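A.B. asks: Below: one structure in structure tokens.
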Amino acid sequence: MWRCALPPLLRYPTVDELGARAAALVARHPRDARLRRIGTSRAGTPLWLLSVGHGSRQALVVAGPHANEPVGGGTVLRLAERALADPRLTVGADATWNLLLCLDPDGLRRNEGWLQGPYTLGRYFRNFFRPGFLEQPEWLPDGAAAAVLPETRALLDLQDELRPFFQCSLHGVDVGGGFVELTRELPGLAQRVAHSAARLGIPRELGPYDTLYWPRLGPAVYRIPPPRAGDLAAAITEAAVESTWFHPHRYGTVTAIVEAPMWGVAAVEDDSASPDRAAVLRTVSHTLRRDAGRLERLLARIRPRLLAAPDAAHLLAPVDDYLLVCPGLADAWDPDVADGARPLPPLGTAHLAALRIAGRRLALRTAGLLHQLVTGVGTDPDGALPELDGLVDEWCADYHDGCGARWIPVARQVEYQSRVVLAAFELAGRYAPACSRSGESGWGSEAAVPMHRE
């Protein structure tokens, strides 16, 4: 029986460890595994593609599209091991697995302050990094032809080369539960997600805030709708942008976005009705406005000094993005402010829990980035650092004590995400259309992508 010589993943792999572990797999299985460079990041880091099998049908799995979501790196290594061990996944399916180790390696390096643990909410948010919306490589705000990021161009070229029947983008939810988003329905996936989640103790997110208006294909499985025109703020909050998820749609590709949580919250899979929906929404929206206001006032006070921090522009861009979207989200969720143009759908306990988590996430990420900026300057005459430490501690305690957020071991996150990918791969092989386009009404090569995605 084939056994993997690599040690099990107990912690998230770094960029260098991903490359080393992939190279070790190739050295052990040179006939069935290949490693090639498909591009280079903005900072000059190689973008490595690990391919397993020799089938004519191409599957593409993209890890690390968001810098702060490292679970995908462990998942692609696990999938490679599974594909090498089980010929049904390659020879039996006439498939080749193409595993992009990390789409944003520069961003992943910036998260190495927390990547190896210990895994606490405070450590995570104080070392959190995710680039501004315009620097996220899956987003195509001006269409594929105008994409300028080298990571984006490398992925687009790879999609055009492979024309995959199945594509999977691996994402991570910092606090909440697991869920899947699809560009085309895969009947039976919701049941398989439920089975894997139950076996591994992973909560399913039954009402993610960025899918509030999306068709639900089953519990914790959602379909991405066509885009709508809008300005930048609308695109960020309402997902009206084109993306690499739909770029290969012209080839008949079905894309699955698989989200796996780091800290699980049981309430996100509570499908009961809420008796105090309006009161909860008021609390969530008022809390987001209050917290954003505190951070905006703090930023206004210290911003001139922050420009001296190392990489100030890279850290301030996401700060400005988060503070930009907070007022609109708070108004959209507030029952006393909503203008009725787009009323909220029916919301149960799971939806309300997800909204509470999302509002808190925006504030914590902003505070964590500001903490890094102040620390990078080296001096703190305004006393901002103690204030930021207090906010991070207070809001992390709310996650832990108020929301019941509990850490899920890395190996369990990886196993859950791997099982969901394998289920989607099997179903995509069964239901993938033979034609180059789906033929479904209202579908083209564009997609709605939530840029504040978790």
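We name chains A, B, ... following the order of the structure tokens; residues begin at 1 in each chain, and ligands are numbered from 1 as shown.
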Any idea what's packed within 6 Å of stretch 84-97 of chain A, counting only C-alpha atoms, ignoring anything in its chain fewer than 5 positions away? Could you give it as an MDAnalysis selection string?
C.D. replies: chainID A and resid 2 51:59
A.B. asks: May I have the residues within 9 Å of A:Ser196 as a VMD selection string, using only C-alpha atoms and disregarding those fewer than 5 positions away in the same chain?
C.D. replies: chain A and resid 191 201 to 202 415 to 417 419 to 420
A.B. asks: Near stretch 247-260 of chain A, within 6 Å and counting only C-alpha atoms, which residues show up once chain neighbours fewer than 2 positions away are dropped, as an mmCIF file with N, CA, C and O atoms, in the first residue's frame?
C.D. replies:
data_model
loop_
_atom_site.group_PDB
_atom_site.id
_atom_site.type_symbol
_atom_site.label_atom_id
_atom_site.label_comp_id
_atom_site.auth_asym_id
_atom_site.auth_seq_id
_atom_site.Cartn_x
_atom_site.Cartn_y
_atom_site.Cartn_z
ATOM 1 N N ARG A 163 -8.182 24.647 -19.801
ATOM 2 C CA ARG A 163 -9.626 24.529 -20.063
ATOM 3 C C ARG A 163 -10.246 23.462 -19.142
ATOM 4 O O ARG A 163 -10.812 22.467 -19.599
ATOM 5 N N PRO A 164 -10.158 23.670 -17.846
ATOM 6 C CA PRO A 164 -10.561 22.614 -16.906
ATOM 7 C C PRO A 164 -12.052 22.349 -16.925
ATOM 8 O O PRO A 164 -12.863 23.260 -17.130
ATOM 9 N N PHE A 165 -12.417 21.093 -16.701
ATOM 10 C CA PHE A 165 -13.844 20.790 -16.536
ATOM 11 C C PHE A 165 -14.298 21.158 -15.135
ATOM 12 O O PHE A 165 -15.477 21.402 -14.892
ATOM 13 N N PHE A 166 -13.326 21.232 -14.204
ATOM 14 C CA PHE A 166 -13.628 21.535 -12.802
ATOM 15 C C PHE A 166 -12.544 22.459 -12.266
ATOM 16 O O PHE A 166 -11.363 22.229 -12.472
ATOM 17 N N GLN A 167 -12.978 23.521 -11.598
ATOM 18 C CA GLN A 167 -12.059 24.435 -10.922
ATOM 19 C C GLN A 167 -12.526 24.623 -9.492
ATOM 20 O O GLN A 167 -13.733 24.726 -9.233
ATOM 21 N N CYS A 168 -11.576 24.683 -8.583
ATOM 22 C CA CYS A 168 -11.916 24.881 -7.179
ATOM 23 C C CYS A 168 -11.014 25.964 -6.605
ATOM 24 O O CYS A 168 -9.792 25.933 -6.780
ATOM 25 N N SER A 169 -11.596 26.927 -5.940
ATOM 26 C CA SER A 169 -10.866 27.988 -5.255
ATOM 27 C C SER A 169 -11.000 27.761 -3.760
ATOM 28 O O SER A 169 -12.118 27.660 -3.240
ATOM 29 N N LEU A 170 -9.867 27.660 -3.070
ATOM 30 C CA LEU A 170 -9.851 27.281 -1.656
ATOM 31 C C LEU A 170 -9.759 28.521 -0.773
ATOM 32 O O LEU A 170 -8.767 29.253 -0.821
ATOM 33 N N HIS A 171 -10.787 28.716 0.031
ATOM 34 C CA HIS A 171 -10.848 29.874 0.920
ATOM 35 C C HIS A 171 -11.006 29.418 2.367
ATOM 36 O O HIS A 171 -11.332 28.261 2.639
ATOM 37 N N GLY A 172 -10.790 30.354 3.280
ATOM 38 C CA GLY A 172 -10.920 30.053 4.699
ATOM 39 C C GLY A 172 -11.730 31.120 5.405
ATOM 40 O O GLY A 172 -11.594 32.311 5.123
ATOM 41 N N VAL A 173 -12.583 30.708 6.296
ATOM 42 C CA VAL A 173 -13.355 31.617 7.138
ATOM 43 C C VAL A 173 -12.621 31.733 8.462
ATOM 44 O O VAL A 173 -12.370 30.722 9.118
ATOM 45 N N GLY A 178 -18.280 26.466 7.625
ATOM 46 C CA GLY A 178 -17.954 26.106 6.264
ATOM 47 C C GLY A 178 -19.149 26.221 5.345
ATOM 48 O O GLY A 178 -20.286 25.993 5.745
ATOM 49 N N PHE A 179 -18.875 26.575 4.093
ATOM 50 C CA PHE A 179 -19.920 26.604 3.078
ATOM 51 C C PHE A 179 -19.267 26.551 1.703
ATOM 52 O O PHE A 179 -18.037 26.646 1.566
ATOM 53 N N VAL A 180 -20.111 26.383 0.668
ATOM 54 C CA VAL A 180 -19.626 26.235 -0.704
ATOM 55 C C VAL A 180 -20.440 27.149 -1.612
ATOM 56 O O VAL A 180 -21.659 27.292 -1.435
ATOM 57 N N GLU A 181 -19.774 27.749 -2.579
ATOM 58 C CA GLU A 181 -20.446 28.545 -3.601
ATOM 59 C C GLU A 181 -20.115 27.953 -4.965
ATOM 60 O O GLU A 181 -18.975 27.559 -5.218
ATOM 61 N N LEU A 182 -21.100 27.898 -5.843
ATOM 62 C CA LEU A 182 -20.954 27.225 -7.126
ATOM 63 C C LEU A 182 -21.365 28.138 -8.277
ATOM 64 O O LEU A 182 -22.287 28.939 -8.134
ATOM 65 N N THR A 183 -20.698 27.971 -9.401
ATOM 66 C CA THR A 183 -21.119 28.661 -10.611
ATOM 67 C C THR A 183 -22.178 27.869 -11.372
ATOM 68 O O THR A 183 -22.815 28.397 -12.285
ATOM 69 N N ARG A 184 -22.348 26.607 -11.009
ATOM 70 C CA ARG A 184 -23.382 25.754 -11.613
ATOM 71 C C ARG A 184 -23.766 24.704 -10.578
ATOM 72 O O ARG A 184 -22.929 24.226 -9.827
ATOM 73 N N THR A 244 -11.897 35.571 -11.777
ATOM 74 C CA THR A 244 -11.285 34.384 -12.363
ATOM 75 C C THR A 244 -12.129 33.142 -12.132
ATOM 76 O O THR A 244 -11.882 32.111 -12.744
ATOM 77 N N TRP A 245 -13.129 33.216 -11.252
ATOM 78 C CA TRP A 245 -14.011 32.072 -11.038
ATOM 79 C C TRP A 245 -14.795 31.754 -12.305
ATOM 80 O O TRP A 245 -15.105 30.600 -12.575
ATOM 81 N N SER A 436 -19.344 24.038 -24.642
ATOM 82 C CA SER A 436 -18.419 25.014 -24.087
ATOM 83 C C SER A 436 -19.120 26.023 -23.199
ATOM 84 O O SER A 436 -18.478 26.676 -22.390
ATOM 85 N N ARG A 437 -20.426 26.184 -23.358
ATOM 86 C CA ARG A 437 -21.173 27.089 -22.502
ATOM 87 C C ARG A 437 -22.367 26.353 -21.910
ATOM 88 O O ARG A 437 -22.840 25.373 -22.450
ATOM 89 N N SER A 445 -19.663 34.957 -19.195
ATOM 90 C CA SER A 445 -18.335 34.701 -18.646
ATOM 91 C C SER A 445 -18.044 35.582 -17.464
ATOM 92 O O SER A 445 -16.940 35.624 -16.958
#
A.B. asks: List the neighbours of A:Arg192 out to 12 Å using only C-alpha atoms; skip same-chain residues closer than 5 positions along the sequence, and give me the result as a PDB file with N, CA, C and O atoms, in the first residue's frame.
C.D. replies:
ATOM      1  N   PHE A 179     -18.875  26.575   4.093  1.00  0.00           N
ATOM      2  CA  PHE A 179     -19.920  26.604   3.078  1.00  0.00           C
ATOM      3  C   PHE A 179     -19.267  26.551   1.703  1.00  0.00           C
ATOM      4  O   PHE A 179     -18.037  26.646   1.566  1.00  0.00           O
ATOM      5  N   VAL A 180     -20.111  26.383   0.668  1.00  0.00           N
ATOM      6  CA  VAL A 180     -19.626  26.235  -0.704  1.00  0.00           C
ATOM      7  C   VAL A 180     -20.440  27.149  -1.612  1.00  0.00           C
ATOM      8  O   VAL A 180     -21.659  27.292  -1.435  1.00  0.00           O
ATOM      9  N   LEU A 186     -24.451  21.425  -8.550  1.00  0.00           N
ATOM     10  CA  LEU A 186     -23.963  20.051  -8.497  1.00  0.00           C
ATOM     11  C   LEU A 186     -24.893  19.277  -7.574  1.00  0.00           C
ATOM     12  O   LEU A 186     -24.711  19.281  -6.350  1.00  0.00           O
ATOM     13  N   PRO A 187     -25.928  18.634  -8.113  1.00  0.00           N
ATOM     14  CA  PRO A 187     -26.899  17.930  -7.261  1.00  0.00           C
ATOM     15  C   PRO A 187     -26.210  16.904  -6.358  1.00  0.00           C
ATOM     16  O   PRO A 187     -25.363  16.131  -6.802  1.00  0.00           O
ATOM     17  N   ALA A 197     -18.971  17.499   7.297  1.00  0.00           N
ATOM     18  CA  ALA A 197     -18.966  18.437   8.417  1.00  0.00           C
ATOM     19  C   ALA A 197     -19.329  17.733   9.724  1.00  0.00           C
ATOM     20  O   ALA A 197     -18.705  17.966  10.764  1.00  0.00           O
ATOM     21  N   ALA A 198     -20.334  16.860   9.671  1.00  0.00           N
ATOM     22  CA  ALA A 198     -20.747  16.150  10.883  1.00  0.00           C
ATOM     23  C   ALA A 198     -19.650  15.215  11.375  1.00  0.00           C
ATOM     24  O   ALA A 198     -19.392  15.120  12.585  1.00  0.00           O
ATOM     25  N   ARG A 199     -19.002  14.511  10.454  1.00  0.00           N
ATOM     26  CA  ARG A 199     -17.952  13.574  10.839  1.00  0.00           C
ATOM     27  C   ARG A 199     -16.759  14.278  11.486  1.00  0.00           C
ATOM     28  O   ARG A 199     -16.104  13.721  12.372  1.00  0.00           O
ATOM     29  N   ARG A 204     -21.539  24.158   9.746  1.00  0.00           N
ATOM     30  CA  ARG A 204     -21.869  24.678   8.419  1.00  0.00           C
ATOM     31  C   ARG A 204     -22.508  26.052   8.571  1.00  0.00           C
ATOM     32  O   ARG A 204     -23.366  26.248   9.425  1.00  0.00           O
ATOM     33  N   GLY A 218     -28.932  24.303  -1.347  1.00  0.00           N
ATOM     34  CA  GLY A 218     -29.048  23.337  -0.263  1.00  0.00           C
ATOM     35  C   GLY A 218     -28.403  23.940   0.956  1.00  0.00           C
ATOM     36  O   GLY A 218     -27.779  25.005   0.881  1.00  0.00           O
ATOM     37  N   PRO A 219     -28.517  23.324   2.118  1.00  0.00           N
ATOM     38  CA  PRO A 219     -27.886  23.871   3.315  1.00  0.00           C
ATOM     39  C   PRO A 219     -26.383  24.081   3.112  1.00  0.00           C
ATOM     40  O   PRO A 219     -25.653  23.160   2.766  1.00  0.00           O
ATOM     41  N   ALA A 220     -25.935  25.320   3.282  1.00  0.00           N
ATOM     42  CA  ALA A 220     -24.521  25.710   3.195  1.00  0.00           C
ATOM     43  C   ALA A 220     -23.959  25.596   1.779  1.00  0.00           C
ATOM     44  O   ALA A 220     -22.736  25.566   1.598  1.00  0.00           O
ATOM     45  N   VAL A 221     -24.820  25.565   0.755  1.00  0.00           N
ATOM     46  CA  VAL A 221     -24.374  25.541  -0.647  1.00  0.00           C
ATOM     47  C   VAL A 221     -25.169  26.611  -1.408  1.00  0.00           C
ATOM     48  O   VAL A 221     -26.401  26.607  -1.374  1.00  0.00           O
ATOM     49  N   TYR A 416     -11.438  18.354   6.164  1.00  0.00           N
ATOM     50  CA  TYR A 416     -12.785  18.768   5.759  1.00  0.00           C
ATOM     51  C   TYR A 416     -12.769  19.371   4.361  1.00  0.00           C
ATOM     52  O   TYR A 416     -13.551  18.978   3.479  1.00  0.00           O
ATOM     53  N   GLN A 417     -11.866  20.331   4.128  1.00  0.00           N
ATOM     54  CA  GLN A 417     -11.837  20.982   2.822  1.00  0.00           C
ATOM     55  C   GLN A 417     -11.495  19.987   1.716  1.00  0.00           C
ATOM     56  O   GLN A 417     -12.088  20.024   0.632  1.00  0.00           O
ATOM     57  N   ARG A 419     -12.183  16.761   1.626  1.00  0.00           N
ATOM     58  CA  ARG A 419     -13.342  15.903   1.353  1.00  0.00           C
ATOM     59  C   ARG A 419     -14.392  16.633   0.514  1.00  0.00           C
ATOM     60  O   ARG A 419     -15.008  16.039  -0.383  1.00  0.00           O
ATOM     61  N   VAL A 420     -14.596  17.912   0.797  1.00  0.00           N
ATOM     62  CA  VAL A 420     -15.577  18.671   0.020  1.00  0.00           C
ATOM     63  C   VAL A 420     -15.100  18.834  -1.424  1.00  0.00           C
ATOM     64  O   VAL A 420     -15.885  18.702  -2.366  1.00  0.00           O
ATOM     65  N   VAL A 421     -13.801  19.109  -1.606  1.00  0.00           N
ATOM     66  CA  VAL A 421     -13.265  19.234  -2.963  1.00  0.00           C
ATOM     67  C   VAL A 421     -13.430  17.916  -3.724  1.00  0.00           C
ATOM     68  O   VAL A 421     -13.853  17.910  -4.896  1.00  0.00           O
ATOM     69  N   LEU A 422     -13.111  16.802  -3.093  1.00  0.00           N
ATOM     70  CA  LEU A 422     -13.237  15.505  -3.763  1.00  0.00           C
ATOM     71  C   LEU A 422     -14.690  15.204  -4.127  1.00  0.00           C
ATOM     72  O   LEU A 422     -14.973  14.660  -5.205  1.00  0.00           O
ATOM     73  N   ALA A 423     -15.623  15.574  -3.262  1.00  0.00           N
ATOM     74  CA  ALA A 423     -17.040  15.368  -3.572  1.00  0.00           C
ATOM     75  C   ALA A 423     -17.460  16.225  -4.756  1.00  0.00           C
ATOM     76  O   ALA A 423     -18.157  15.767  -5.669  1.00  0.00           O
ATOM     77  N   ALA A 424     -17.019  17.495  -4.767  1.00  0.00           N
ATOM     78  CA  ALA A 424     -17.378  18.380  -5.876  1.00  0.00           C
ATOM     79  C   ALA A 424     -16.734  17.910  -7.177  1.00  0.00           C
ATOM     80  O   ALA A 424     -17.350  17.984  -8.252  1.00  0.00           O
ATOM     81  N   PHE A 425     -15.503  17.413  -7.100  1.00  0.00           N
ATOM     82  CA  PHE A 425     -14.808  16.877  -8.279  1.00  0.00           C
ATOM     83  C   PHE A 425     -15.592  15.712  -8.885  1.00  0.00           C
ATOM     84  O   PHE A 425     -15.812  15.653 -10.104  1.00  0.00           O
ATOM     85  N   GLU A 426     -16.023  14.794  -8.039  1.00  0.00           N
ATOM     86  CA  GLU A 426     -16.778  13.644  -8.538  1.00  0.00           C
ATOM     87  C   GLU A 426     -18.083  14.081  -9.187  1.00  0.00           C
ATOM     88  O   GLU A 426     -18.446  13.624 -10.279  1.00  0.00           O
ATOM     89  N   LEU A 427     -18.801  14.980  -8.535  1.00  0.00           N
ATOM     90  CA  LEU A 427     -20.088  15.423  -9.065  1.00  0.00           C
ATOM     91  C   LEU A 427     -19.909  16.267 -10.327  1.00  0.00           C
ATOM     92  O   LEU A 427     -20.725  16.191 -11.249  1.00  0.00           O
TER      93      LEU A 427
END
A.B. asks: Find the distance between atom CA of A:Glu161 and atom CA of A:Ala67 and write it in Å to one decimal.
C.D. replies: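 So the answer is 25.1 Å.
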A.B. asks: Identify, with DSSP run on backbone atoms, the residues in stretch 75-180 of chain A assigned to helix (DSSP H, G or I), and express the list as number ranges by chain.
C.D. replies: A: 75-85, 87-89, 105-110, 112-115, 121-126, 133-135, 144-146, 150-162
A.B. asks: Can you tell me which residues surround A:Leu288 at a distance of at most 9 Å, considering only C-alpha atoms, apart from same-chain residues fewer than 3 positions away, and format the answer as a tab-separated table (two decimals) with N, CA, C and O atoms, in the first residue's frame?
C.D. replies:
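Once everything was written out, this is selection-v7.tsv:
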chain	number	residue	atom	x	y	z
A	283	THR	N	-28.74	46.04	17.01
A	283	THR	CA	-27.52	45.91	17.79
A	283	THR	C	-26.31	45.74	16.89
A	283	THR	O	-25.27	46.38	17.08
A	284	VAL	N	-26.44	44.87	15.91
A	284	VAL	CA	-25.31	44.61	15.00
A	284	VAL	C	-24.93	45.87	14.24
A	284	VAL	O	-23.75	46.22	14.14
A	285	SER	N	-25.91	46.56	13.67
A	285	SER	CA	-25.61	47.74	12.86
A	285	SER	C	-25.09	48.88	13.72
A	285	SER	O	-24.13	49.57	13.34
A	291	ASP	N	-18.04	51.06	16.34
A	291	ASP	CA	-16.66	50.59	16.27
A	291	ASP	C	-15.91	51.24	15.11
A	291	ASP	O	-14.74	51.62	15.25
A	292	ALA	N	-16.57	51.37	13.96
A	292	ALA	CA	-15.92	52.03	12.81
A	292	ALA	C	-15.62	53.48	13.13
A	292	ALA	O	-14.56	54.01	12.75
A	293	GLY	N	-16.54	54.15	13.83
A	293	GLY	CA	-16.31	55.54	14.21
A	293	GLY	C	-15.10	55.69	15.12
A	293	GLY	O	-14.29	56.62	14.96
A	326	CYS	N	-17.94	50.02	5.84
A	326	CYS	CA	-18.68	49.88	7.11
A	326	CYS	C	-19.99	50.67	7.14
A	326	CYS	O	-21.03	50.11	7.53
A	327	PRO	N	-20.02	51.95	6.76
A	327	PRO	CA	-21.29	52.69	6.85
A	327	PRO	C	-22.38	52.08	5.99
A	327	PRO	O	-23.54	51.98	6.42
A	329	LEU	N	-22.74	48.95	4.97
A	329	LEU	CA	-23.21	47.69	5.55
A	329	LEU	C	-24.09	47.94	6.76
A	329	LEU	O	-25.15	47.31	6.92
A	330	ALA	N	-23.66	48.86	7.63
A	330	ALA	CA	-24.46	49.16	8.82
A	330	ALA	C	-25.85	49.66	8.43
A	330	ALA	O	-26.86	49.26	9.02
A	356	ARG	N	-23.47	39.32	12.80
A	356	ARG	CA	-22.73	39.78	13.98
A	356	ARG	C	-21.24	39.51	13.82
A	356	ARG	O	-20.40	40.37	14.11
A	359	GLY	N	-19.65	41.94	11.11
A	359	GLY	CA	-19.41	43.29	11.60
A	359	GLY	C	-18.21	43.36	12.52
A	359	GLY	O	-17.37	44.27	12.41
A	360	ARG	N	-18.12	42.41	13.40
A	360	ARG	CA	-16.96	42.36	14.31
A	360	ARG	C	-15.67	42.12	13.54
A	360	ARG	O	-14.61	42.68	13.87
A	362	LEU	N	-14.82	43.12	10.49
A	362	LEU	CA	-14.36	44.35	9.87
A	362	LEU	C	-13.59	45.22	10.86
A	362	LEU	O	-12.52	45.75	10.55
A	363	ALA	N	-14.13	45.36	12.06
A	363	ALA	CA	-13.47	46.19	13.06
A	363	ALA	C	-12.15	45.57	13.52
A	363	ALA	O	-11.14	46.27	13.66
A.B. asks: Of the candidates A:Pro310, A:Gly402, A:Gly368, A:Pro105, which shows the shortest atom-to-atom distance to A:Trp48, using only C-alpha atoms?
C.D. replies: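 That would be A:Pro105, the residue with the smallest distance to A:Trp48.
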A.B. asks: Each residue of stretch 181-230 of chain A lying at most 10 Å from stretch 331-354 of chain A should get a row with its shortest atom-to-atom pair and the distance in Å to one decimal, counting only C-alpha atoms; could you produce that, ordered by chain and increasing number, as JSON lines?
C.D. replies:
{"residue": "A:Arg204", "atom": "CA", "partner": "A:Ala350", "partner_atom": "CA", "distance": 9.6}
{"residue": "A:Glu205", "atom": "CA", "partner": "A:Ala350", "partner_atom": "CA", "distance": 7.2}
{"residue": "A:Leu206", "atom": "CA", "partner": "A:Ala350", "partner_atom": "CA", "distance": 5.9}
{"residue": "A:Gly207", "atom": "CA", "partner": "A:His351", "partner_atom": "CA", "distance": 4.3}
{"residue": "A:Pro208", "atom": "CA", "partner": "A:Ala354", "partner_atom": "CA", "distance": 5.7}
{"residue": "A:Tyr209", "atom": "CA", "partner": "A:Ala354", "partner_atom": "CA", "distance": 6.0}
{"residue": "A:Asp210", "atom": "CA", "partner": "A:Ala354", "partner_atom": "CA", "distance": 9.5}
{"residue": "A:Thr211", "atom": "CA", "partner": "A:His351", "partner_atom": "CA", "distance": 9.8}
{"residue": "A:Leu212", "atom": "CA", "partner": "A:Pro345", "partner_atom": "CA", "distance": 7.0}
{"residue": "A:Tyr213", "atom": "CA", "partner": "A:Pro345", "partner_atom": "CA", "distance": 7.1}
A.B. asks: Residues of the last selection are to be written out with all heavy atoms, as an mmCIF file, in the first residue's frame.
C.D. replies:
data_model
loop_
_atom_site.group_PDB
_atom_site.id
_atom_site.type_symbol
_atom_site.label_atom_id
_atom_site.label_comp_id
_atom_site.auth_asym_id
_atom_site.auth_seq_id
_atom_site.Cartn_x
_atom_site.Cartn_y
_atom_site.Cartn_z
ATOM 1 N N ARG A 204 -21.539 24.158 9.746
ATOM 2 C CA ARG A 204 -21.869 24.678 8.419
ATOM 3 C C ARG A 204 -22.508 26.052 8.571
ATOM 4 O O ARG A 204 -23.366 26.248 9.425
ATOM 5 C CB ARG A 204 -22.834 23.739 7.699
ATOM 6 C CG ARG A 204 -22.251 22.411 7.277
ATOM 7 C CD ARG A 204 -23.348 21.510 6.726
ATOM 8 N NE ARG A 204 -24.363 21.245 7.743
ATOM 9 C CZ ARG A 204 -25.630 20.930 7.491
ATOM 10 N NH1 ARG A 204 -26.049 20.864 6.227
ATOM 11 N NH2 ARG A 204 -26.485 20.687 8.459
ATOM 12 N N GLU A 205 -22.111 26.978 7.711
ATOM 13 C CA GLU A 205 -22.669 28.325 7.776
ATOM 14 C C GLU A 205 -23.913 28.374 6.900
ATOM 15 O O GLU A 205 -23.815 28.345 5.666
ATOM 16 C CB GLU A 205 -21.627 29.357 7.333
ATOM 17 C CG GLU A 205 -22.005 30.762 7.716
ATOM 18 C CD GLU A 205 -20.805 31.663 7.989
ATOM 19 O OE1 GLU A 205 -19.761 31.164 8.448
ATOM 20 O OE2 GLU A 205 -20.936 32.867 7.746
ATOM 21 N N LEU A 206 -25.071 28.466 7.528
ATOM 22 C CA LEU A 206 -26.344 28.395 6.802
ATOM 23 C C LEU A 206 -26.843 29.748 6.329
ATOM 24 O O LEU A 206 -27.880 29.810 5.666
ATOM 25 C CB LEU A 206 -27.396 27.733 7.692
ATOM 26 C CG LEU A 206 -27.070 26.308 8.167
ATOM 27 C CD1 LEU A 206 -28.244 25.736 8.951
ATOM 28 C CD2 LEU A 206 -26.704 25.407 7.001
ATOM 29 N N GLY A 207 -26.117 30.808 6.645
ATOM 30 C CA GLY A 207 -26.535 32.135 6.181
ATOM 31 C C GLY A 207 -25.377 33.103 6.101
ATOM 32 O O GLY A 207 -25.407 34.150 6.755
ATOM 33 N N PRO A 208 -24.330 32.817 5.299
ATOM 34 C CA PRO A 208 -23.207 33.766 5.173
ATOM 35 C C PRO A 208 -23.698 35.130 4.719
ATOM 36 O O PRO A 208 -24.570 35.224 3.852
ATOM 37 C CB PRO A 208 -22.302 33.117 4.105
ATOM 38 C CG PRO A 208 -22.704 31.679 4.072
ATOM 39 C CD PRO A 208 -24.149 31.638 4.431
ATOM 40 N N TYR A 209 -23.129 36.189 5.264
ATOM 41 C CA TYR A 209 -23.671 37.515 4.980
ATOM 42 C C TYR A 209 -23.488 37.912 3.523
ATOM 43 O O TYR A 209 -24.282 38.671 2.974
ATOM 44 C CB TYR A 209 -23.035 38.554 5.910
ATOM 45 C CG TYR A 209 -21.734 39.149 5.419
ATOM 46 C CD1 TYR A 209 -21.712 40.386 4.794
ATOM 47 C CD2 TYR A 209 -20.527 38.484 5.593
ATOM 48 C CE1 TYR A 209 -20.532 40.942 4.345
ATOM 49 C CE2 TYR A 209 -19.349 39.029 5.156
ATOM 50 C CZ TYR A 209 -19.349 40.263 4.533
ATOM 51 O OH TYR A 209 -18.177 40.808 4.096
ATOM 52 N N ASP A 210 -22.448 37.389 2.849
ATOM 53 C CA ASP A 210 -22.250 37.779 1.460
ATOM 54 C C ASP A 210 -23.060 36.940 0.488
ATOM 55 O O ASP A 210 -22.950 37.108 -0.726
ATOM 56 C CB ASP A 210 -20.768 37.752 1.079
ATOM 57 C CG ASP A 210 -20.049 36.499 1.532
ATOM 58 O OD1 ASP A 210 -20.707 35.624 2.110
ATOM 59 O OD2 ASP A 210 -18.825 36.396 1.316
ATOM 60 N N THR A 211 -23.890 36.032 0.991
ATOM 61 C CA THR A 211 -24.783 35.272 0.111
ATOM 62 C C THR A 211 -26.252 35.540 0.441
ATOM 63 O O THR A 211 -27.124 34.765 0.055
ATOM 64 C CB THR A 211 -24.514 33.754 0.228
ATOM 65 O OG1 THR A 211 -24.906 33.296 1.529
ATOM 66 C CG2 THR A 211 -23.048 33.426 0.000
ATOM 67 N N LEU A 212 -26.522 36.639 1.140
ATOM 68 C CA LEU A 212 -27.884 36.900 1.608
ATOM 69 C C LEU A 212 -28.901 36.903 0.468
ATOM 70 O O LEU A 212 -30.035 36.473 0.641
ATOM 71 C CB LEU A 212 -27.937 38.244 2.346
ATOM 72 C CG LEU A 212 -27.361 38.278 3.764
ATOM 73 C CD1 LEU A 212 -27.490 39.684 4.341
ATOM 74 C CD2 LEU A 212 -28.059 37.270 4.669
ATOM 75 N N TYR A 213 -28.497 37.406 -0.708
ATOM 76 C CA TYR A 213 -29.434 37.540 -1.825
ATOM 77 C C TYR A 213 -29.203 36.479 -2.897
ATOM 78 O O TYR A 213 -29.747 36.579 -3.994
ATOM 79 C CB TYR A 213 -29.293 38.932 -2.445
ATOM 80 C CG TYR A 213 -29.544 40.052 -1.467
ATOM 81 C CD1 TYR A 213 -28.483 40.705 -0.847
ATOM 82 C CD2 TYR A 213 -30.843 40.453 -1.143
ATOM 83 C CE1 TYR A 213 -28.703 41.735 0.057
ATOM 84 C CE2 TYR A 213 -31.080 41.471 -0.243
ATOM 85 C CZ TYR A 213 -30.000 42.114 0.358
ATOM 86 O OH TYR A 213 -30.226 43.129 1.259
#
A.B. asks: Just want the 8 Å neighbourhood of A:Tyr12, counted on only C-alpha atoms, with same-chain residues fewer than 3 positions away dropped. Output as a list in words.
C.D. replies: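 Contacts, in chain order: Leu9, Pro70, Val71, Gly73, Gly74, Leu115, Gln116 and Val410 of chain A.
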A.B. asks: Can you tell me, as a VMD selection string, which residues in stretch 232-409 of chain A count as strand (DSSP E) by DSSP?
C.D. replies: chain A and resid 242 to 243 254 to 264 406 to 407
A.B. asks: Nearest residue to A:Tyr119 out of A:Arg305, A:Arg11, A:Thr379, A:Leu100, using only C-alpha atoms?
C.D. replies: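 Nearest to A:Tyr119: A:Arg11.
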A.B. asks: Excluding A:Leu50 and its own-chain neighbours fewer than 4 positions away, which residues fall within 9 Å of it when counting only C-alpha atoms? Please give them as an NGL selection string.
C.D. replies: :A and (22-23 or 26 or 33-37 or 76-77 or 80 or 97-101)
